[in-house]
Amino acid sequence: MRLGCPPPRFNTLWVLPFLFLGMSGRSYAQPDTSDSAPDERSALAASFTSEKLCRWQRRLNLEDWKISVTIARATELKPKTLGNIHWDTEKKTAIIRVLAPVDYQMPLREMLQDMEFTIVHELIHLELAPVLSSVSRNDASRREEEHAVNHMAEALLKLDRGQ
């Protein structure tokens, strides 16, 4: 279980910005540059997504689930998607896959915000799974589900960010 999620591991170069912006109440603490080294972006993304998963898993009361997050290349995801989730309701386990930093074409801060959105979005799908499992699904209902999940994730993140 993910009760008592471990604290994220940070590259020492990133500790000061996290502490500084963390004290100012911001939920993301990375510089707004896209010229970071790919290895640094990947390490930061892994730490960031793990921390955000733990935070949102607690907030959405999914602590009885064992959920992990992994970084996935665009070729491993369906076209035009930024992530996905696969779960086993009997075992209460799930894996969230989030698009790899190398496949993003945006500044670091926006990339991390998008990764957090993906995590929240996929956790909402997990929360809705018991309700939607009994409903016959088709392309139209999936589009409607995606639309609703996007709106819920956006609303939760706006609240979290004080917007």
# chains A, B, ... in the order shown; residues from 1 in each chain; ligands from 1
call {"tool": "residues_around", "arguments": {"residues": "segment 101-106 of chain A", "least_positions_apart": "5", "cutoff": "7 Å", "atoms": "only C-alpha atoms", "output": "PyMOL selection string"}}
result
chain A and resi 34+38+41-42+73-74+111
call {"tool": "closest_atom_pairs", "arguments": {"of": "segment 69-110 of chain A", "to": "segment 120-136 of chain A", "cutoff": "7 Å", "atoms": "only C-alpha atoms", "output": "CSV"}}
result
residue,atom,partner,partner_atom,distance
A:Asn84,CA,A:Glu122,CA,6.4
A:Ile85,CA,A:Glu122,CA,5.9
A:Ile96,CA,A:Glu122,CA,6.9
call {"tool": "closest_residue", "arguments": {"among": "A:Glu76, A:Glu63, A:Glu51, A:Glu116", "to": "Lys158 of chain A", "atoms": "only C-alpha atoms"}}
result
A:Glu116
call {"tool": "residues_around", "arguments": {"residues": "segment 65-71 of chain A", "least_positions_apart": "2", "cutoff": "8 Å", "atoms": "only C-alpha atoms", "output": "CSV table (one decimal) with C-alpha atoms, in the first residue's frame"}}
result
chain,number,residue,atom,x,y,z
A,1,MET,CA,0.0,0.0,0.0
A,2,ARG,CA,1.1,3.6,-0.5
A,46,ALA,CA,10.3,11.0,-12.2
A,49,THR,CA,5.4,12.6,-10.8
A,50,SER,CA,6.0,10.3,-7.8
A,53,LEU,CA,0.9,10.8,-7.4
A,62,LEU,CA,-7.2,6.2,-3.0
A,63,GLU,CA,-4.7,5.2,-0.3
A,73,ARG,CA,7.6,7.2,-24.6
A,92,LYS,CA,-6.3,-2.8,-6.0
A,93,THR,CA,-3.2,-2.1,-8.1
A,94,ALA,CA,-2.7,0.4,-10.9
A,95,ILE,CA,0.0,1.8,-13.1
A,96,ILE,CA,-0.2,5.3,-14.5
A,97,ARG,CA,2.0,6.0,-17.6
A,98,VAL,CA,2.9,9.6,-18.3
A,99,LEU,CA,4.5,10.9,-21.5
A,100,ALA,CA,8.3,11.1,-21.3
call {"tool": "atom_distance", "arguments": {"atom1": "atom CA of Phe117 of chain A", "atom2": "atom CA of Thr81 of chain A"}}
result
12.4 Å
call {"tool": "select_by_dssp", "arguments": {"residues": "segment 17-132 of chain A", "states": "alpha helix (DSSP H)", "output": "PyMOL selection string"}}
result
chain A and resi 17-23+38-59+108-132
call {"tool": "atom_distance", "arguments": {"atom1": "atom CA of Trp56 of chain A", "atom2": "atom CA of His151 of chain A"}}
result
16.1 Å
call {"tool": "atom_distance", "arguments": {"atom1": "atom CA of Ser47 of chain A", "atom2": "atom CA of Lys91 of chain A"}}
result
25.4 Å
call {"tool": "decode", "arguments": {"residues": "segment 42-68 of chain A", "atoms": "N, CA, C and O atoms", "output": "PDB file, in the first residue's frame"}}
result
ATOM      1  N   SER A  42      14.436  14.303 -17.161  1.00  0.00           N
ATOM      2  CA  SER A  42      13.885  12.977 -16.884  1.00  0.00           C
ATOM      3  C   SER A  42      13.910  12.662 -15.395  1.00  0.00           C
ATOM      4  O   SER A  42      12.928  12.157 -14.848  1.00  0.00           O
ATOM      5  N   ALA A  43      15.023  12.965 -14.745  1.00  0.00           N
ATOM      6  CA  ALA A  43      15.128  12.707 -13.307  1.00  0.00           C
ATOM      7  C   ALA A  43      14.130  13.572 -12.538  1.00  0.00           C
ATOM      8  O   ALA A  43      13.458  13.100 -11.610  1.00  0.00           O
ATOM      9  N   LEU A  44      14.036  14.821 -12.922  1.00  0.00           N
ATOM     10  CA  LEU A  44      13.095  15.724 -12.267  1.00  0.00           C
ATOM     11  C   LEU A  44      11.659  15.260 -12.491  1.00  0.00           C
ATOM     12  O   LEU A  44      10.849  15.249 -11.564  1.00  0.00           O
ATOM     13  N   ALA A  45      11.341  14.845 -13.710  1.00  0.00           N
ATOM     14  CA  ALA A  45       9.985  14.376 -14.024  1.00  0.00           C
ATOM     15  C   ALA A  45       9.636  13.147 -13.198  1.00  0.00           C
ATOM     16  O   ALA A  45       8.512  13.034 -12.685  1.00  0.00           O
ATOM     17  N   ALA A  46      10.565  12.226 -13.040  1.00  0.00           N
ATOM     18  CA  ALA A  46      10.304  11.018 -12.249  1.00  0.00           C
ATOM     19  C   ALA A  46      10.026  11.375 -10.794  1.00  0.00           C
ATOM     20  O   ALA A  46       9.070  10.876 -10.192  1.00  0.00           O
ATOM     21  N   SER A  47      10.833  12.246 -10.227  1.00  0.00           N
ATOM     22  CA  SER A  47      10.626  12.695  -8.842  1.00  0.00           C
ATOM     23  C   SER A  47       9.310  13.441  -8.691  1.00  0.00           C
ATOM     24  O   SER A  47       8.536  13.192  -7.769  1.00  0.00           O
ATOM     25  N   PHE A  48       9.073  14.347  -9.600  1.00  0.00           N
ATOM     26  CA  PHE A  48       7.880  15.184  -9.562  1.00  0.00           C
ATOM     27  C   PHE A  48       6.612  14.345  -9.674  1.00  0.00           C
ATOM     28  O   PHE A  48       5.668  14.518  -8.903  1.00  0.00           O
ATOM     29  N   THR A  49       6.578  13.416 -10.634  1.00  0.00           N
ATOM     30  CA  THR A  49       5.368  12.608 -10.821  1.00  0.00           C
ATOM     31  C   THR A  49       5.121  11.690  -9.631  1.00  0.00           C
ATOM     32  O   THR A  49       3.968  11.493  -9.240  1.00  0.00           O
ATOM     33  N   SER A  50       6.168  11.160  -9.026  1.00  0.00           N
ATOM     34  CA  SER A  50       5.994  10.320  -7.831  1.00  0.00           C
ATOM     35  C   SER A  50       5.411  11.122  -6.676  1.00  0.00           C
ATOM     36  O   SER A  50       4.507  10.664  -5.974  1.00  0.00           O
ATOM     37  N   GLU A  51       5.931  12.332  -6.479  1.00  0.00           N
ATOM     38  CA  GLU A  51       5.433  13.194  -5.401  1.00  0.00           C
ATOM     39  C   GLU A  51       3.980  13.584  -5.651  1.00  0.00           C
ATOM     40  O   GLU A  51       3.152  13.550  -4.745  1.00  0.00           O
ATOM     41  N   LYS A  52       3.656  13.942  -6.888  1.00  0.00           N
ATOM     42  CA  LYS A  52       2.278  14.347  -7.212  1.00  0.00           C
ATOM     43  C   LYS A  52       1.319  13.174  -7.115  1.00  0.00           C
ATOM     44  O   LYS A  52       0.184  13.332  -6.666  1.00  0.00           O
ATOM     45  N   LEU A  53       1.751  11.990  -7.511  1.00  0.00           N
ATOM     46  CA  LEU A  53       0.905  10.806  -7.362  1.00  0.00           C
ATOM     47  C   LEU A  53       0.553  10.593  -5.891  1.00  0.00           C
ATOM     48  O   LEU A  53      -0.619  10.402  -5.550  1.00  0.00           O
ATOM     49  N   CYS A  54       1.535  10.653  -5.037  1.00  0.00           N
ATOM     50  CA  CYS A  54       1.299  10.452  -3.603  1.00  0.00           C
ATOM     51  C   CYS A  54       0.324  11.488  -3.066  1.00  0.00           C
ATOM     52  O   CYS A  54      -0.627  11.152  -2.353  1.00  0.00           O
ATOM     53  N   ARG A  55       0.534  12.729  -3.430  1.00  0.00           N
ATOM     54  CA  ARG A  55      -0.321  13.824  -2.967  1.00  0.00           C
ATOM     55  C   ARG A  55      -1.775  13.645  -3.423  1.00  0.00           C
ATOM     56  O   ARG A  55      -2.707  13.745  -2.631  1.00  0.00           O
ATOM     57  N   TRP A  56      -1.976  13.384  -4.730  1.00  0.00           N
ATOM     58  CA  TRP A  56      -3.326  13.272  -5.264  1.00  0.00           C
ATOM     59  C   TRP A  56      -3.991  11.954  -4.873  1.00  0.00           C
ATOM     60  O   TRP A  56      -5.212  11.886  -4.729  1.00  0.00           O
ATOM     61  N   GLN A  57      -3.215  10.934  -4.672  1.00  0.00           N
ATOM     62  CA  GLN A  57      -3.776   9.664  -4.195  1.00  0.00           C
ATOM     63  C   GLN A  57      -4.377   9.862  -2.800  1.00  0.00           C
ATOM     64  O   GLN A  57      -5.472   9.369  -2.518  1.00  0.00           O
ATOM     65  N   ARG A  58      -3.683  10.597  -1.955  1.00  0.00           N
ATOM     66  CA  ARG A  58      -4.220  10.920  -0.623  1.00  0.00           C
ATOM     67  C   ARG A  58      -5.460  11.790  -0.747  1.00  0.00           C
ATOM     68  O   ARG A  58      -6.479  11.517  -0.104  1.00  0.00           O
ATOM     69  N   ARG A  59      -5.377  12.836  -1.543  1.00  0.00           N
ATOM     70  CA  ARG A  59      -6.495  13.775  -1.675  1.00  0.00           C
ATOM     71  C   ARG A  59      -7.756  13.112  -2.217  1.00  0.00           C
ATOM     72  O   ARG A  59      -8.862  13.496  -1.852  1.00  0.00           O
ATOM     73  N   LEU A  60      -7.591  12.157  -3.111  1.00  0.00           N
ATOM     74  CA  LEU A  60      -8.744  11.493  -3.716  1.00  0.00           C
ATOM     75  C   LEU A  60      -9.138  10.224  -2.952  1.00  0.00           C
ATOM     76  O   LEU A  60      -9.967   9.450  -3.419  1.00  0.00           O
ATOM     77  N   ASN A  61      -8.535  10.051  -1.787  1.00  0.00           N
ATOM     78  CA  ASN A  61      -8.862   8.934  -0.907  1.00  0.00           C
ATOM     79  C   ASN A  61      -8.684   7.584  -1.603  1.00  0.00           C
ATOM     80  O   ASN A  61      -9.537   6.702  -1.493  1.00  0.00           O
ATOM     81  N   LEU A  62      -7.574   7.437  -2.281  1.00  0.00           N
ATOM     82  CA  LEU A  62      -7.246   6.186  -2.955  1.00  0.00           C
ATOM     83  C   LEU A  62      -6.042   5.510  -2.292  1.00  0.00           C
ATOM     84  O   LEU A  62      -5.308   4.757  -2.926  1.00  0.00           O
ATOM     85  N   GLU A  63      -5.871   5.755  -1.010  1.00  0.00           N
ATOM     86  CA  GLU A  63      -4.701   5.243  -0.303  1.00  0.00           C
ATOM     87  C   GLU A  63      -4.713   3.735  -0.117  1.00  0.00           C
ATOM     88  O   GLU A  63      -3.670   3.146   0.168  1.00  0.00           O
ATOM     89  N   ASP A  64      -5.860   3.110  -0.294  1.00  0.00           N
ATOM     90  CA  ASP A  64      -5.911   1.660  -0.172  1.00  0.00           C
ATOM     91  C   ASP A  64      -5.475   0.965  -1.468  1.00  0.00           C
ATOM     92  O   ASP A  64      -5.418  -0.260  -1.531  1.00  0.00           O
ATOM     93  N   TRP A  65      -5.145   1.746  -2.484  1.00  0.00           N
ATOM     94  CA  TRP A  65      -4.641   1.227  -3.747  1.00  0.00           C
ATOM     95  C   TRP A  65      -3.123   1.304  -3.762  1.00  0.00           C
ATOM     96  O   TRP A  65      -2.534   2.248  -3.222  1.00  0.00           O
ATOM     97  N   LYS A  66      -2.491   0.345  -4.401  1.00  0.00           N
ATOM     98  CA  LYS A  66      -1.049   0.411  -4.659  1.00  0.00           C
ATOM     99  C   LYS A  66      -0.913   0.918  -6.091  1.00  0.00           C
ATOM    100  O   LYS A  66      -1.175   0.191  -7.052  1.00  0.00           O
ATOM    101  N   ILE A  67      -0.533   2.189  -6.211  1.00  0.00           N
ATOM    102  CA  ILE A  67      -0.464   2.855  -7.511  1.00  0.00           C
ATOM    103  C   ILE A  67       0.971   3.303  -7.760  1.00  0.00           C
ATOM    104  O   ILE A  67       1.624   3.854  -6.871  1.00  0.00           O
ATOM    105  N   SER A  68       1.426   3.065  -8.970  1.00  0.00           N
ATOM    106  CA  SER A  68       2.766   3.544  -9.349  1.00  0.00           C
ATOM    107  C   SER A  68       2.640   4.382 -10.610  1.00  0.00           C
ATOM    108  O   SER A  68       1.651   4.302 -11.337  1.00  0.00           O
TER     109      SER A  68
END
